[in-house]
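Engineer: First the structure, which I've put down as structure tokens, then a few questions once you've had a look.
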Protein chains: 2
Amino acid sequence: MVSATGSARRSAGRPLNRVLSQETITRAALTLIESRGYEGLTMSSLARALKVAPSSLYNHVESKGDVLILVQDHVMTQVDVSGFESEPWEHAVRLFAWSYRDVFTRHTPLIPVIAVLPVSGAPQTLAVYEAVTRGFQKAGWPEPLIVPAIIALESFIFGSAFDATAPESIFESGQLAGQYPQFTAAVAARKDHADQRQADVAFGLGLDALILGLRARVAGDLR
Amino acid sequence: MVSATGSARRSAGRPLNRVLSQETITRAALTLIESRGYEGLTMSSLARALKVAPSSLYNHVESKGDVLILVQDHVMTQVDVSGFESEPWEHAVRLFAWSYRDVFTRHTPLIPVIAVLPVSGAPQTLAVYEAVTRGFQKAGWPEPLIVPAIIALESFIFGSAFDATAPESIFESGQLAGQYPQFTAAVAARKDHADQRQADVAFGLGLDALILGLRARVAGDLR
DNA sequence: ACCTGAACACCGTTCAAGT
DNA sequence: ACCTGAACACCGTTCAAGT
């Protein structure tokens, strides 16, 4: 019997023309993540989206972790590094950092993947690092400081991406307010930044501080 | 039949004295994580360690996520906030930040949990924030800036904890080196900091920059 | 080479039955 | 109130069989 609606099921055996590739898998995974989130991304759901049996995926990837690596590298193309070509260093860093954080706020489950993944298998990730490095070099940064500075920036960005997914009320002490009076007061005193999200205020503050502090360090090293 | 070695299996029905509590569960989970890591922590393994059926756990926690929340709050007691009582602000922040990062380097799977968890259910976490807040107040920080500054610091710390779990060789471009010459050069130029780990160099650089930048911002606000 | 379909060893969670 | 034991609906992954 063939399913009543939709197309007939493919029979076993090698099909006449290949139906899968790493690219179609990556694309389907991204679409699935956009519509159903990361909990919605399973090898089953991915296979279903591609109209294929789950076991077929293993002809093209070694594991689900492999799929996440493919997705990660593709997501990296969404990060805006254009500023490093034309803009002054500080402006370029700011543009880059906000863009990087915004992208990964939508993809926090990739952060544990990327943070530990060797760049050698991730060309788009390398392309981003290359562009950023050129920007730092153009601004006259001492070579040995560039990679540590990029890592520090990236660490701040990843942590901030997690923070950006937290509910606005995360710091309300609730019942325990009386036991922690100073923190409760500090939470209440946070400036009412109109409609700006608290996570954005913190990110802006930290980014300004990092930029200022890094710049001071470079000036010291070059003097 | 009773198992040949070890104690006999408990029969069904309410036992004479309670064998579980949130505290024993938390303790067992932490021991399990220390010995087998986070992949080794399953509801089954946890039950086995406590000599109990997996379903028994659900009399004390609502889900595995609940267990992670209990673990997270307990781990928070390992963070050193003692500096904020006696030391100058800058030294206290440094002590706190390194300690916080070191603790969560061993517990990165908790980061997505804590980053989104309302503090109202996490007394130890609140205790840490209270101590830090007092240190900032003592140093004369303007009240509305304290919470954003703590969040920024924490974001940098969490991101750096992930970075600290990465292999030392993560930035070697491998085959693709030729296509990304500037980044490859920058990686090669990283100072040889004797036996200091690259992650520690980056964390130290970023922490110094953040401290300097935050301090400058405060000075500006108070002027 | 690359697909299907059946199977496997897990997972977290639910719930009736028992004391 | 709080435990056991059986069951359920999933998970990722393996592998023989098919073309």
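The way I read the labels, and the way they are meant: chains A, B, ... in the order of the structure tokens, residue 1 as the first residue of every chain, and ligand 1 as the first ligand shown, with later ones counted on from there.
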Could you pull out all residues of range 94-137 of chain B with a DSSP call of helix (DSSP H, G or I) and give them as a PyMOL selection string?
Structural biologist: chain B and resi 94-105+108-114+119-121+123-137
Engineer: Within 12 Å of chain A, which residues of chain D show up when using only C-alpha atoms (C1' of nucleotides), listed as an mmCIF file with N, CA and C atoms (P, O5', C5', C4', C3', O3' and C1' of nucleotides), in the first residue's frame?
Structural biologist:
data_model
loop_
_atom_site.group_PDB
_atom_site.id
_atom_site.type_symbol
_atom_site.label_atom_id
_atom_site.label_comp_id
_atom_site.auth_asym_id
_atom_site.auth_seq_id
_atom_site.Cartn_x
_atom_site.Cartn_y
_atom_site.Cartn_z
ATOM 1 P P DC D 10 6.122 10.222 20.787
ATOM 2 O "O5'" DC D 10 7.537 9.598 20.444
ATOM 3 C "C5'" DC D 10 8.540 10.468 20.082
ATOM 4 C "C4'" DC D 10 9.665 10.446 21.118
ATOM 5 C "C3'" DC D 10 11.021 10.518 20.454
ATOM 6 O "O3'" DC D 10 11.378 11.876 20.281
ATOM 7 C "C1'" DC D 10 10.993 9.006 22.330
ATOM 8 P P DC D 11 12.198 12.318 18.953
ATOM 9 O "O5'" DC D 11 13.725 12.350 19.436
ATOM 10 C "C5'" DC D 11 14.023 11.774 20.610
ATOM 11 C "C4'" DC D 11 15.434 11.441 20.861
ATOM 12 C "C3'" DC D 11 16.366 11.183 19.687
ATOM 13 O "O3'" DC D 11 17.116 12.342 19.404
ATOM 14 C "C1'" DC D 11 16.375 9.311 21.195
ATOM 15 P P DG D 12 17.808 12.480 17.942
ATOM 16 O "O5'" DG D 12 19.072 11.504 18.068
ATOM 17 C "C5'" DG D 12 20.077 11.772 19.025
ATOM 18 C "C4'" DG D 12 21.068 10.635 19.029
ATOM 19 C "C3'" DG D 12 21.847 10.470 17.724
ATOM 20 O "O3'" DG D 12 23.188 10.145 18.033
ATOM 21 C "C1'" DG D 12 20.654 8.479 18.212
ATOM 22 P P DT D 13 24.261 9.952 16.849
ATOM 23 O "O5'" DT D 13 24.143 8.389 16.546
ATOM 24 C "C5'" DT D 13 24.405 7.472 17.610
ATOM 25 C "C4'" DT D 13 24.300 6.055 17.102
ATOM 26 C "C3'" DT D 13 24.993 5.806 15.754
ATOM 27 O "O3'" DT D 13 26.020 4.842 15.983
ATOM 28 C "C1'" DT D 13 22.840 4.802 15.837
ATOM 29 P P DT D 14 26.923 4.279 14.800
ATOM 30 O "O5'" DT D 14 26.230 2.857 14.536
ATOM 31 C "C5'" DT D 14 25.947 2.012 15.635
ATOM 32 C "C4'" DT D 14 25.493 0.646 15.141
ATOM 33 C "C3'" DT D 14 26.250 0.118 13.920
ATOM 34 O "O3'" DT D 14 26.492 -1.263 14.131
ATOM 35 C "C1'" DT D 14 23.928 0.201 13.452
ATOM 36 P P DC D 15 27.536 -2.065 13.152
ATOM 37 O "O5'" DC D 15 26.550 -2.858 12.188
ATOM 38 C "C5'" DC D 15 25.408 -3.537 12.725
ATOM 39 C "C4'" DC D 15 24.551 -4.085 11.607
ATOM 40 C "C3'" DC D 15 25.316 -4.373 10.310
ATOM 41 O "O3'" DC D 15 24.781 -5.544 9.713
ATOM 42 C "C1'" DC D 15 23.545 -2.939 9.850
ATOM 43 P P DA D 17 21.421 -10.215 4.943
ATOM 44 O "O5'" DA D 17 20.390 -9.361 4.081
ATOM 45 C "C5'" DA D 17 19.193 -8.865 4.683
ATOM 46 C "C4'" DA D 17 18.465 -8.017 3.682
ATOM 47 C "C3'" DA D 17 18.614 -8.482 2.233
ATOM 48 O "O3'" DA D 17 17.363 -8.342 1.570
ATOM 49 C "C1'" DA D 17 19.288 -6.258 2.398
ATOM 50 P P DG D 18 17.207 -8.845 0.084
ATOM 51 O "O5'" DG D 18 17.162 -7.497 -0.767
ATOM 52 C "C5'" DG D 18 16.036 -6.652 -0.682
ATOM 53 C "C4'" DG D 18 16.366 -5.362 -1.370
ATOM 54 C "C3'" DG D 18 16.657 -5.493 -2.876
ATOM 55 O "O3'" DG D 18 15.637 -4.813 -3.584
ATOM 56 C "C1'" DG D 18 18.246 -4.086 -1.792
ATOM 57 P P DT D 19 15.518 -5.129 -5.149
ATOM 58 O "O5'" DT D 19 16.462 -4.052 -5.830
ATOM 59 C "C5'" DT D 19 15.910 -2.826 -6.275
ATOM 60 C "C4'" DT D 19 17.035 -1.885 -6.641
ATOM 61 C "C3'" DT D 19 17.641 -2.186 -8.019
ATOM 62 O "O3'" DT D 19 17.288 -1.149 -8.917
ATOM 63 C "C1'" DT D 19 19.292 -1.675 -6.362
#
Engineer: Near chain A, which residues of chain B fall within 7 Å when you count only C-alpha atoms, and what do they look like as a VMD selection string?
Structural biologist: chain B and resid 112 115 to 120 129 to 130 133 to 134 143 to 149 151 to 152 155 to 156 158 to 160 162 to 163 165 to 167 170 to 174 176 180 182 to 183 186 to 187 189 to 191 201 to 203 206 209 to 210 212 to 214
Engineer: Any idea what's packed within 8 Å of range 85-96 of chain A, counting only C-alpha atoms (C1' of nucleotides), ignoring anything in its chain fewer than 4 positions away? Could you give it as a PyMOL selection string?
Structural biologist: chain A and resi 79-81+100+131+135-136+139+207+211
Engineer: Calculate how many Å separate CA of His107 in chain A from CA of Leu110 in chain B, rounding to one decimal.
Structural biologist: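 Going from CA of His107 in chain A over to CA of Leu110 in chain B, I get 17.0 Å.
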Engineer: Let me make sure I understand: among A:Glu23, A:Asp102, A:Asp221, A:Asp195, which one has the smallest atom-to-atom distance to Leu57 in chain A if we use only C-alpha atoms?
Structural biologist: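 Going through A:Glu23, A:Asp102, A:Asp221, A:Asp195 one by one, the smallest distance to Leu57 in chain A is for A:Glu23.
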Engineer: Write out as number ranges by chain the residues lying within 12 Å of DA16 in chain C, counting only C-alpha atoms (C1' of nucleotides) and excluding same-chain residues fewer than 5 positions away.
Structural biologist: D: 4-7
Engineer: How would the residues just picked look written out with N, CA, C and O atoms (P, O5', C5', C4', C3', O3' and C1' of nucleotides) as a tab-separated table (two decimals), in the first residue's frame?
Structural biologist:
chain	number	residue	atom	x	y	z
D	4	DT	P	12.78	1.90	45.51
D	4	DT	O5'	11.59	0.94	45.03
D	4	DT	C5'	11.32	-0.26	45.74
D	4	DT	C4'	10.32	-1.11	44.97
D	4	DT	C3'	10.84	-1.63	43.62
D	4	DT	O3'	10.51	-3.00	43.52
D	4	DT	C1'	8.82	-0.41	43.31
D	5	DG	P	11.28	-3.96	42.50
D	5	DG	O5'	10.29	-4.00	41.25
D	5	DG	C5'	8.91	-4.24	41.48
D	5	DG	C4'	8.14	-4.10	40.19
D	5	DG	C3'	8.93	-4.45	38.93
D	5	DG	O3'	8.03	-5.08	38.03
D	5	DG	C1'	8.17	-2.25	38.75
D	6	DA	P	8.57	-5.91	36.77
D	6	DA	O5'	7.47	-5.54	35.69
D	6	DA	C5'	6.13	-5.24	36.13
D	6	DA	C4'	5.50	-4.24	35.19
D	6	DA	C3'	5.92	-4.39	33.72
D	6	DA	O3'	4.76	-4.31	32.91
D	6	DA	C1'	6.22	-2.17	34.40
D	7	DA	P	4.80	-4.70	31.35
D	7	DA	O5'	4.52	-3.28	30.69
D	7	DA	C5'	3.42	-2.51	31.18
D	7	DA	C4'	3.58	-1.08	30.74
D	7	DA	C3'	3.94	-0.92	29.26
D	7	DA	O3'	2.83	-0.34	28.58
D	7	DA	C1'	5.19	0.56	30.67
Engineer: Show me, as JSON, numbers by chain, the residues that have an atom within 7 Å of Thr26 in chain B when counting only C-alpha atoms (C1' of nucleotides), minus same-chain residues fewer than 5 positions from it.
Structural biologist: {"B": [67, 70, 71]}
Engineer: Might you pull out every residue within 7 Å of Leu32 in chain B, with only C-alpha atoms (C1' of nucleotides) counted and same-chain residues fewer than 5 positions away left off, and present them as a ChimeraX atom specification?
Structural biologist: /B:37,40-41
Engineer: Given the selection you just returned, output its residues as a file containing N, CA and C atoms, formatted as an mmCIF file, in the first residue's frame.
Structural biologist:
data_model
loop_
_atom_site.group_PDB
_atom_site.id
_atom_site.type_symbol
_atom_site.label_atom_id
_atom_site.label_comp_id
_atom_site.auth_asym_id
_atom_site.auth_seq_id
_atom_site.Cartn_x
_atom_site.Cartn_y
_atom_site.Cartn_z
ATOM 1 N N GLY B 37 31.426 12.753 34.838
ATOM 2 C CA GLY B 37 31.092 13.881 33.982
ATOM 3 C C GLY B 37 29.591 13.999 33.757
ATOM 4 N N GLY B 40 27.617 11.231 32.242
ATOM 5 C CA GLY B 40 27.386 10.128 33.174
ATOM 6 C C GLY B 40 26.226 10.371 34.113
ATOM 7 N N LEU B 41 25.667 11.576 34.071
ATOM 8 C CA LEU B 41 24.547 11.904 34.949
ATOM 9 C C LEU B 41 23.216 11.654 34.243
#
